[in-house]
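File shown here: model_5.json, holding JSON, C-alpha atoms.
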[["chain", "number", "residue", "atom", "x", "y", "z"],
["C", 212, "MET", "CA", -32.41, 7.52, -61.62],
["C", 213, "LYS", "CA", -31.08, 5.72, -58.64],
["C", 214, "MET", "CA", -33.44, 4.64, -55.95],
["C", 215, "LYS", "CA", -32.65, 5.76, -52.43],
["C", 216, "LEU", "CA", -32.37, 2.63, -50.35],
["C", 217, "PRO", "CA", -33.63, 2.67, -46.79],
["C", 218, "MET", "CA", -30.92, 2.41, -44.18],
["C", 219, "ILE", "CA", -31.19, -0.76, -42.22],
["C", 220, "ARG", "CA", -29.85, -0.87, -38.66],
["C", 221, "ASN", "CA", -28.78, -4.24, -37.48],
["C", 222, "LYS", "CA", -29.94, -4.90, -33.95],
["C", 223, "ARG", "CA", -26.38, -5.73, -32.93],
["C", 224, "ASP", "CA", -25.18, -2.30, -34.10],
["C", 225, "THR", "CA", -27.35, -0.43, -31.65],
["C", 226, "ASN", "CA", -27.82, -0.35, -27.94],
["C", 227, "SER", "CA", -31.18, -1.24, -26.55],
["C", 228, "VAL", "CA", -32.58, 2.29, -26.37],
["C", 229, "TRP", "CA", -31.84, 3.13, -29.99],
["C", 230, "GLY", "CA", -32.93, -0.35, -30.91],
["C", 231, "ASP", "CA", -36.37, 0.29, -29.41],
["C", 232, "ILE", "CA", -36.67, 3.53, -31.35],
["C", 233, "ALA", "CA", -35.38, 2.00, -34.58],
["C", 234, "ARG", "CA", -38.00, -0.72, -34.35],
["C", 235, "ASN", "CA", -40.64, 1.84, -33.53],
["C", 236, "GLU", "CA", -41.22, 0.19, -30.19],
["C", 237, "THR", "CA", -42.19, 1.79, -26.91],
["C", 238, "LEU", "CA", -39.15, 2.89, -24.85],
["C", 239, "ASP", "CA", -38.68, 0.69, -21.77],
["C", 240, "THR", "CA", -37.98, 3.35, -19.11],
["C", 241, "ARG", "CA", -37.71, 0.83, -16.28],
["C", 242, "ARG", "CA", -34.90, -0.96, -18.00],
["C", 243, "GLY", "CA", -33.15, 2.35, -18.69],
["C", 244, "LEU", "CA", -33.49, 3.42, -15.04],
["C", 245, "ALA", "CA", -32.09, 0.11, -13.81],
["C", 246, "ARG", "CA", -29.19, 0.42, -16.21],
["C", 247, "ALA", "CA", -28.51, 4.01, -15.07],
["C", 248, "VAL", "CA", -28.51, 2.97, -11.42],
["C", 249, "SER", "CA", -26.18, 0.09, -12.23],
["C", 250, "ARG", "CA", -23.78, 2.38, -14.07],
["C", 251, "LEU", "CA", -23.87, 4.88, -11.21],
["C", 252, "LEU", "CA", -22.90, 2.11, -8.78],
["C", 253, "TYR", "CA", -20.03, 1.13, -11.05],
["C", 254, "VAL", "CA", -18.82, 4.74, -11.15],
["C", 255, "LEU", "CA", -19.09, 5.15, -7.36],
["C", 256, "THR", "CA", -17.22, 1.87, -6.82],
["C", 257, "ALA", "CA", -14.46, 3.02, -9.17],
["C", 258, "VAL", "CA", -14.23, 6.37, -7.34],
["C", 259, "VAL", "CA", -13.96, 4.64, -3.95],
["C", 260, "ILE", "CA", -11.25, 2.27, -5.21],
["C", 261, "ALA", "CA", -9.30, 5.13, -6.82],
["C", 262, "SER", "CA", -9.56, 7.23, -3.65],
["C", 263, "GLY", "CA", -8.29, 4.30, -1.59],
["C", 264, "LEU", "CA", -5.32, 3.86, -3.90],
["C", 265, "VAL", "CA", -4.52, 7.58, -3.71],
["C", 266, "LEU", "CA", -4.70, 7.57, 0.10],
["C", 267, "ALA", "CA", -2.52, 4.47, 0.26],
["C", 268, "GLY", "CA", 0.02, 6.15, -2.01],
["C", 269, "VAL", "CA", 0.03, 9.30, 0.11],
["C", 270, "SER", "CA", 0.47, 7.27, 3.31],
["C", 271, "LEU", "CA", 3.33, 5.32, 1.77],
["C", 272, "GLY", "CA", 4.93, 8.56, 0.59],
["C", 273, "LEU", "CA", 4.67, 10.06, 4.08],
["C", 274, "LEU", "CA", 6.22, 6.92, 5.52],
["C", 275, "PHE", "CA", 9.22, 7.24, 3.22],
["C", 276, "ASN", "CA", 9.45, 10.98, 3.86],
["C", 277, "GLN", "CA", 9.82, 10.33, 7.59],
["C", 278, "GLN", "CA", 13.28, 8.97, 6.88],
["C", 279, "PRO", "CA", 15.64, 11.95, 6.95],
["C", 280, "ASN", "CA", 17.47, 13.19, 3.94],
["C", 281, "THR", "CA", 20.81, 12.43, 5.58],
["C", 282, "LYS", "CA", 22.74, 14.51, 3.08],
["C", 283, "ALA", "CA", 20.56, 17.58, 3.70],
["C", 284, "VAL", "CA", 20.71, 17.12, 7.50],
["C", 285, "SER", "CA", 24.49, 16.73, 7.55],
["C", 286, "GLU", "CA", 25.05, 19.67, 5.18],
["C", 287, "GLN", "CA", 22.90, 21.81, 7.45],
["C", 288, "ALA", "CA", 24.72, 20.65, 10.60],
["C", 289, "ILE", "CA", 28.38, 20.56, 9.57],
["C", 290, "PRO", "CA", 28.91, 24.37, 9.60],
["C", 291, "SER", "CA", 27.86, 24.28, 13.29],
["C", 292, "ILE", "CA", 30.06, 21.33, 14.41],
["C", 293, "PHE", "CA", 33.34, 21.80, 16.35],
["C", 294, "GLU", "CA", 36.38, 19.89, 17.48],
["C", 295, "VAL", "CA", 36.86, 20.71, 21.17],
["C", 296, "PHE", "CA", 40.22, 20.47, 22.96],
["C", 297, "CYS", "CA", 40.96, 20.68, 26.70],
["C", 298, "GLN", "CA", 44.39, 19.70, 28.01],
["C", 299, "GLY", "CA", 44.83, 16.12, 26.75],
["C", 300, "SER", "CA", 41.15, 15.57, 26.08],
["C", 301, "ALA", "CA", 39.31, 16.07, 22.80],
["C", 302, "GLY", "CA", 35.74, 15.69, 21.62],
["C", 303, "SER", "CA", 33.02, 17.30, 19.58],
["C", 304, "GLY", "CA", 30.76, 20.30, 20.11],
["C", 305, "VAL", "CA", 27.83, 22.02, 18.44],
["C", 306, "ALA", "CA", 26.56, 25.59, 18.20],
["C", 307, "ILE", "CA", 22.94, 25.88, 19.34],
["C", 308, "LYS", "CA", 20.65, 28.89, 19.22],
["C", 309, "VAL", "CA", 20.25, 30.33, 22.72],
["C", 310, "PRO", "CA", 20.13, 33.87, 24.17],
["C", 311, "LEU", "CA", 23.66, 35.30, 24.46],
["C", 312, "PRO", "CA", 25.41, 38.00, 26.50],
["C", 313, "ASP", "CA", 26.15, 41.12, 24.46],
["C", 314, "SER", "CA", 29.89, 40.41, 24.25],
["C", 315, "TYR", "CA", 29.45, 36.95, 22.63],
["C", 316, "LYS", "CA", 28.08, 35.75, 19.30],
["C", 317, "THR", "CA", 27.96, 31.94, 19.51],
["C", 318, "ALA", "CA", 27.15, 29.34, 22.18],
["C", 319, "VAL", "CA", 28.90, 25.98, 21.77],
["C", 320, "PHE", "CA", 27.72, 22.97, 23.78],
["C", 321, "THR", "CA", 29.82, 19.91, 24.49],
["C", 322, "ALA", "CA", 30.02, 17.05, 26.98],
["C", 323, "GLU", "CA", 31.32, 17.96, 30.45],
["C", 324, "HIS", "CA", 33.75, 15.07, 30.48],
["C", 325, "VAL", "CA", 35.48, 16.53, 27.39],
["C", 326, "VAL", "CA", 36.40, 19.72, 29.33],
["C", 327, "ALA", "CA", 36.56, 18.22, 32.83],
["C", 328, "ASP", "CA", 40.24, 19.21, 33.22],
["C", 329, "CYS", "CA", 39.62, 22.86, 32.29],
["C", 330, "ALA", "CA", 38.46, 25.43, 34.84],
["C", 331, "ILE", "CA", 35.52, 27.77, 34.45],
["C", 332, "ASN", "CA", 36.50, 30.95, 32.54],
["C", 333, "SER", "CA", 39.51, 29.21, 31.02],
["C", 334, "LYS", "CA", 40.15, 29.42, 27.29],
["C", 335, "ILE", "CA", 39.13, 26.44, 25.17],
["C", 336, "ARG", "CA", 40.57, 25.69, 21.75],
["C", 337, "LEU", "CA", 38.02, 24.85, 19.10],
["C", 338, "ILE", "CA", 38.22, 24.08, 15.40],
["C", 339, "ASN", "CA", 35.24, 24.69, 13.17],
["C", 340, "ASN", "CA", 35.71, 23.08, 9.76],
["C", 341, "GLY", "CA", 39.43, 23.84, 9.66],
["C", 342, "VAL", "CA", 39.21, 27.27, 11.29],
["C", 343, "SER", "CA", 40.82, 27.49, 14.75],
["C", 344, "MET", "CA", 39.05, 29.60, 17.39],
["C", 345, "GLU", "CA", 39.31, 30.31, 21.09],
["C", 346, "GLY", "CA", 36.29, 30.18, 23.36],
["C", 347, "THR", "CA", 35.57, 30.76, 27.04],
["C", 348, "LEU", "CA", 34.26, 27.92, 29.20],
["C", 349, "VAL", "CA", 31.41, 29.63, 31.07],
["C", 350, "ALA", "CA", 29.55, 26.71, 32.65],
["C", 351, "LYS", "CA", 29.75, 22.97, 33.16],
["C", 352, "ASP", "CA", 28.06, 20.36, 35.27],
["C", 353, "ALA", "CA", 30.80, 19.30, 37.67],
["C", 354, "ALA", "CA", 28.61, 16.54, 39.13],
["C", 355, "SER", "CA", 28.44, 14.50, 35.94],
["C", 356, "LEU", "CA", 29.94, 11.02, 35.99],
["C", 357, "SER", "CA", 30.13, 9.91, 32.38],
["C", 358, "SER", "CA", 31.47, 6.45, 33.19],
["C", 359, "THR", "CA", 28.22, 5.51, 34.89],
["C", 360, "GLY", "CA", 25.93, 7.81, 32.96],
["C", 361, "GLU", "CA", 24.93, 9.93, 35.94],
["C", 362, "GLY", "CA", 24.44, 13.69, 35.62],
["C", 363, "PRO", "CA", 23.75, 15.95, 32.66],
["C", 364, "ASP", "CA", 27.34, 15.75, 31.31],
["C", 365, "MET", "CA", 27.11, 19.14, 29.59],
["C", 366, "ALA", "CA", 29.30, 22.19, 29.26],
["C", 367, "LEU", "CA", 28.84, 25.60, 27.65],
["C", 368, "ILE", "CA", 31.45, 27.61, 25.76],
["C", 369, "TYR", "CA", 30.97, 31.15, 24.47],
["C", 370, "LEU", "CA", 32.64, 32.48, 21.34],
["C", 371, "THR", "CA", 33.16, 36.01, 20.08],
["C", 372, "ASN", "CA", 33.20, 34.51, 16.56],
["C", 373, "GLU", "CA", 29.88, 34.26, 14.80],
["C", 374, "VAL", "CA", 29.16, 30.71, 13.63],
["C", 375, "PRO", "CA", 25.83, 29.32, 12.31],
["C", 376, "ALA", "CA", 23.84, 27.74, 15.14],
["C", 377, "LEU", "CA", 21.26, 24.96, 15.04],
["C", 378, "ASP", "CA", 17.78, 25.01, 16.52],
["C", 379, "PRO", "CA", 17.00, 22.86, 19.56],
["C", 380, "ALA", "CA", 14.54, 20.08, 18.76],
["C", 381, "PRO", "CA", 11.27, 19.30, 20.56],
["C", 382, "ASN", "CA", 11.15, 15.97, 22.35],
["C", 383, "GLY", "CA", 11.74, 12.99, 20.09],
["C", 384, "GLU", "CA", 9.79, 9.74, 20.16],
["C", 385, "VAL", "CA", 10.97, 6.15, 20.04],
["C", 386, "GLY", "CA", 11.28, 5.06, 16.41],
["C", 387, "ASP", "CA", 12.16, 8.54, 15.09],
["C", 388, "TRP", "CA", 15.03, 8.72, 12.62],
["C", 389, "VAL", "CA", 18.16, 10.43, 13.98],
["C", 390, "VAL", "CA", 21.59, 11.47, 12.70],
["C", 391, "ILE", "CA", 24.89, 11.84, 14.55],
["C", 392, "VAL", "CA", 27.64, 14.16, 13.26],
["C", 393, "GLY", "CA", 30.97, 14.33, 15.05],
["C", 394, "HIS", "CA", 34.68, 13.53, 15.09],
["C", 395, "PRO", "CA", 35.30, 9.92, 16.15],
["C", 396, "TRP", "CA", 38.99, 8.99, 16.26],
["C", 397, "ASP", "CA", 40.69, 10.71, 13.30],
["C", 398, "GLU", "CA", 37.51, 11.26, 11.32],
["C", 399, "ILE", "CA", 36.12, 14.77, 10.79],
["C", 400, "ASN", "CA", 32.38, 15.44, 10.42],
["C", 401, "TYR", "CA", 31.60, 11.72, 10.38],
["C", 402, "VAL", "CA", 27.90, 11.04, 9.78],
["C", 403, "THR", "CA", 25.90, 8.05, 11.06],
["C", 404, "LEU", "CA", 22.18, 7.26, 10.86],
["C", 405, "GLY", "CA", 19.83, 5.39, 13.20],
["C", 406, "VAL", "CA", 16.60, 5.59, 15.17],
["C", 407, "LEU", "CA", 15.69, 6.57, 18.71],
["C", 408, "SER", "CA", 15.75, 3.20, 20.45],
["C", 409, "SER", "CA", 14.52, 4.39, 23.85],
["C", 410, "SER", "CA", 13.79, 7.57, 25.76],
["C", 411, "SER", "CA", 13.92, 8.28, 29.49],
["C", 412, "ARG", "CA", 13.62, 11.45, 31.53],
["C", 413, "GLY", "CA", 17.10, 12.71, 30.69],
["C", 414, "GLU", "CA", 18.49, 10.44, 28.00],
["C", 415, "TYR", "CA", 17.95, 9.14, 24.51],
["C", 416, "ARG", "CA", 19.41, 5.84, 23.37],
["C", 417, "THR", "CA", 20.02, 5.17, 19.72],
["C", 418, "ASP", "CA", 21.50, 2.55, 17.44],
["C", 419, "ALA", "CA", 23.30, 5.27, 15.45],
["C", 420, "SER", "CA", 27.01, 4.55, 15.76],
["C", 421, "ALA", "CA", 29.30, 6.71, 17.92],
["C", 422, "ASN", "CA", 32.83, 6.25, 19.25],
["C", 423, "GLU", "CA", 35.59, 8.11, 21.10],
["C", 424, "GLY", "CA", 35.64, 11.67, 19.81],
["C", 425, "ASN", "CA", 31.88, 11.83, 19.24],
["C", 426, "SER", "CA", 31.35, 12.95, 22.86],
["C", 427, "GLY", "CA", 29.68, 16.36, 22.98],
["C", 428, "GLY", "CA", 28.52, 16.22, 19.38],
["C", 429, "PRO", "CA", 24.84, 16.51, 18.46],
["C", 430, "LEU", "CA", 22.12, 13.92, 18.10],
["C", 431, "LEU", "CA", 19.97, 15.43, 15.34],
["C", 432, "ASP", "CA", 16.37, 14.86, 14.34],
["C", 433, "SER", "CA", 15.21, 14.44, 10.74],
["C", 434, "GLN", "CA", 15.01, 18.24, 10.33],
["C", 435, "GLY", "CA", 18.57, 18.87, 11.52],
["C", 436, "ARG", "CA", 17.58, 20.14, 14.98],
["C", 437, "VAL", "CA", 19.52, 19.16, 18.11],
["C", 438, "LEU", "CA", 17.84, 16.55, 20.32],
["C", 439, "GLY", "CA", 20.76, 16.05, 22.68],
["C", 440, "LEU", "CA", 24.52, 15.70, 23.15],
["C", 441, "ILE", "CA", 26.41, 12.42, 22.72],
["C", 442, "SER", "CA", 27.60, 11.32, 26.16],
["C", 443, "TYR", "CA", 28.63, 7.67, 26.53],
["C", 444, "LYS", "CA", 28.14, 4.04, 25.57],
["C", 445, "PRO", "CA", 26.67, 1.90, 28.36],
["C", 446, "CYS", "CA", 28.64, -1.14, 29.44],
["C", 447, "GLN", "CA", 27.98, -4.44, 31.15],
["C", 448, "GLU", "CA", 30.37, -5.37, 33.93],
["C", 449, "ASP", "CA", 31.66, -8.91, 34.10],
["C", 450, "ARG", "CA", 30.94, -10.23, 37.59],
["C", 451, "GLU", "CA", 34.08, -12.33, 37.73],
["C", 452, "ASP", "CA", 36.85, -10.00, 36.62],
["C", 453, "GLY", "CA", 35.04, -6.66, 36.81],
["C", 454, "TYR", "CA", 35.79, -5.91, 33.16],
["C", 455, "CYS", "CA", 33.29, -3.56, 31.55],
["C", 456, "THR", "CA", 32.20, -4.43, 28.02],
["C", 457, "ALA", "CA", 30.84, -1.46, 26.08],
["C", 458, "ALA", "CA", 27.47, -2.02, 24.45],
["C", 459, "ASP", "CA", 27.46, -2.71, 20.75],
["C", 460, "GLY", "CA", 24.82, -0.70, 18.90],
["C", 461, "ILE", "CA", 23.79, 1.54, 21.82],
["C", 462, "THR", "CA", 24.78, 5.20, 22.12],
["C", 463, "VAL", "CA", 23.46, 7.50, 24.86],
["C", 464, "ALA", "CA", 22.75, 11.19, 24.29],
["C", 465, "LYS", "CA", 21.82, 13.59, 27.07],
["C", 466, "LYS", "CA", 18.62, 15.54, 26.45],
["C", 467, "LEU", "CA", 19.07, 19.31, 26.20],
["C", 468, "SER", "CA", 16.43, 19.78, 28.89],
["C", 469, "LEU", "CA", 19.01, 18.61, 31.47],
["C", 470, "ALA", "CA", 20.83, 21.89, 30.95],
["C", 471, "CYS", "CA", 17.92, 23.67, 32.65],
["C", 472, "ASP", "CA", 18.95, 22.21, 36.03],
["C", 473, "GLY", "CA", 22.67, 22.78, 35.50],
["C", 474, "LEU", "CA", 23.95, 25.21, 32.91],
["C", 475, "PHE", "CA", 20.91, 27.49, 33.04],
["C", 476, "ALA", "CA", 19.91, 26.94, 36.68],
["C", 477, "ARG", "CA", 20.33, 30.64, 37.44],
["C", 478, "ALA", "CA", 18.63, 31.86, 34.28],
["C", 479, "ALA", "CA", 15.09, 33.19, 34.43],
["C", 480, "ASN", "CA", 14.10, 31.09, 31.42],
["C", 481, "CYS", "CA", 15.77, 27.94, 30.15],
["C", 482, "PRO", "CA", 15.96, 27.85, 26.33],
["C", 483, "PHE", "CA", 15.37, 24.10, 26.40],
["C", 484, "ASP", "CA", 12.33, 24.05, 28.65],
["C", 485, "PHE", "CA", 9.92, 22.54, 26.11]]
Could you express the structure from this file as structure tokens?
Amino acid sequence: MKMKLPMIRNKRDTNSVWGDIARNETLDTRRGLARAVSRLLYVLTAVVIASGLVLAGVSLGLLFNQQPNTKAVSEQAIPSIFEVFCQGSAGSGVAIKVPLPDSYKTAVFTAEHVVADCAINSKIRLINNGVSMEGTLVAKDAASLSSTGEGPDMALIYLTNEVPALDPAPNGEVGDWVVIVGHPWDEINYVTLGVLSSSSRGEYRTDASANEGNSGGPLLDSQGRVLGLISYKPCQEDREDGYCTAADGITVAKKLSLACDGLFARAANCPFDF
């Protein structure tokens, strides 16, 4: 008959509590309480550190998300972008959501200097992504002087064709990401990206690139809403020969709110009165 051997616990194989019991000693509750408090502090510290890391990750993610998805913005905007022709002048235009007279379905905005040679109520040729249309010039700010940047430099064309229109944007802030879509030179629906570099009462300035043919096209926010219309590039005049050098990396867009004093001066409510 085999003898049943007593199980022997090595002190190193047990923690202190079980060690006390195994040795038939009195349980040291003070040491257990201290150890519990210590472990609780470790857990709380770990929770605080983990929470900090999560918040930092969320903040970093929000920072990256502030940069627009340029592809999504341009895809949203392109169906609403136009080539605008008036006599020998050409530029860009954009359909924006505003109240319309019953006989029209789309409102296209462009720069006044693009249609300066066309009279009010004259027919304006437009091309929307390869489709030629004819619109009616219903309003323009005749006082605008695009060469010096004075005046709203805006014009309004109504279409009987129904074309997707973009929402007007609330006021942008310096540092916001922006996108320009237009038709510089021989390019069609050319997309550039930048930030709002400065903001004044009636103008935004941006480092997003624009050139001849962009005039009248939209300056878009990161959600594809229209902040303003591309107007001009400021220049610095040489004091000796009077030659004006266009600014490199500065494009000026007129804020839509300027239309309230010009294009919609007679309207009861301006759609851009934010």
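Closest approach to Leu440 (chain C) among C:Leu407, C:Val325, C:Cys455, C:Met365: C:Met365, based on only C-alpha atoms.
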### Message
I want to know what sits within 6 Å of region 469-478 of chain C, based on all atoms listed in the file, with residues of the same chain fewer than 2 positions away left out; could you give that as a list in words?
### Response
Ala350, Asp352, Pro363, Lys466, Leu467, Asn480 and Cys481 of chain C
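Of the listed residues (C:Ala301, C:Arg436, C:Ile307, C:Tyr369), C:Tyr369 comes nearest to Ser333 (chain C); the distances count all atoms listed in the file.
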### Message
Can you measure CA of Val342 (chain C) to CA of Pro482 (chain C) for me? One decimal in Å is fine.
### Response
27.7 Å
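Considering the residues C:Thr347, C:Asn280, C:Thr403, C:Thr256 and counting all atoms listed in the file, Tyr315 (chain C) has its shortest atom-to-atom contact with C:Thr347.
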### Query
At a cut-off of 9 Å from (34.8, 10.9, 23.8) in the coordinates of the file, what residues are picked up using only C-alpha atoms, written as number ranges by chain?
C: 300-303, 322, 324-325, 395-396, 422-427, 441-443
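When only C-alpha atoms are used to compute distances to Gly405 (chain C), the closest of the residues C:Gly299, C:Leu377, C:Thr462, C:Ala366 turns out to be C:Thr462.
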### Task
Provide the CA of Pro290 (chain C) to CA of Pro375 (chain C) distance in Å, to one decimal place.
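Straight-line distance from CA of Pro290 (chain C) to CA of Pro375 (chain C) works out to 6.4 Å.
With only C-alpha atoms as the atoms that count, the residue of C:Glu294, C:Asp364, C:Asp459, C:Asp378 with the shortest distance to Tyr401 (chain C) is C:Glu294.
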### Query
Between C:Val374, C:Ala327, C:Ile289, C:Leu252, which is the closest to Ile399 (chain C) once you count all atoms listed in the file?
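Checking each candidate against Ile399 (chain C), we get C:Ile289 as the closest.
Atom to atom, CA of Val295 (chain C) and CA of Leu348 (chain C) stand 11.1 Å apart.
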### Query
If I put a ball of radius 8 Å at (14.4, 17.2, 11.4) in the file's coordinates, which residues poke into it when counting only C-alpha atoms, written as an MDAnalysis selection string?
chainID C and resid 279 284 380 431:436
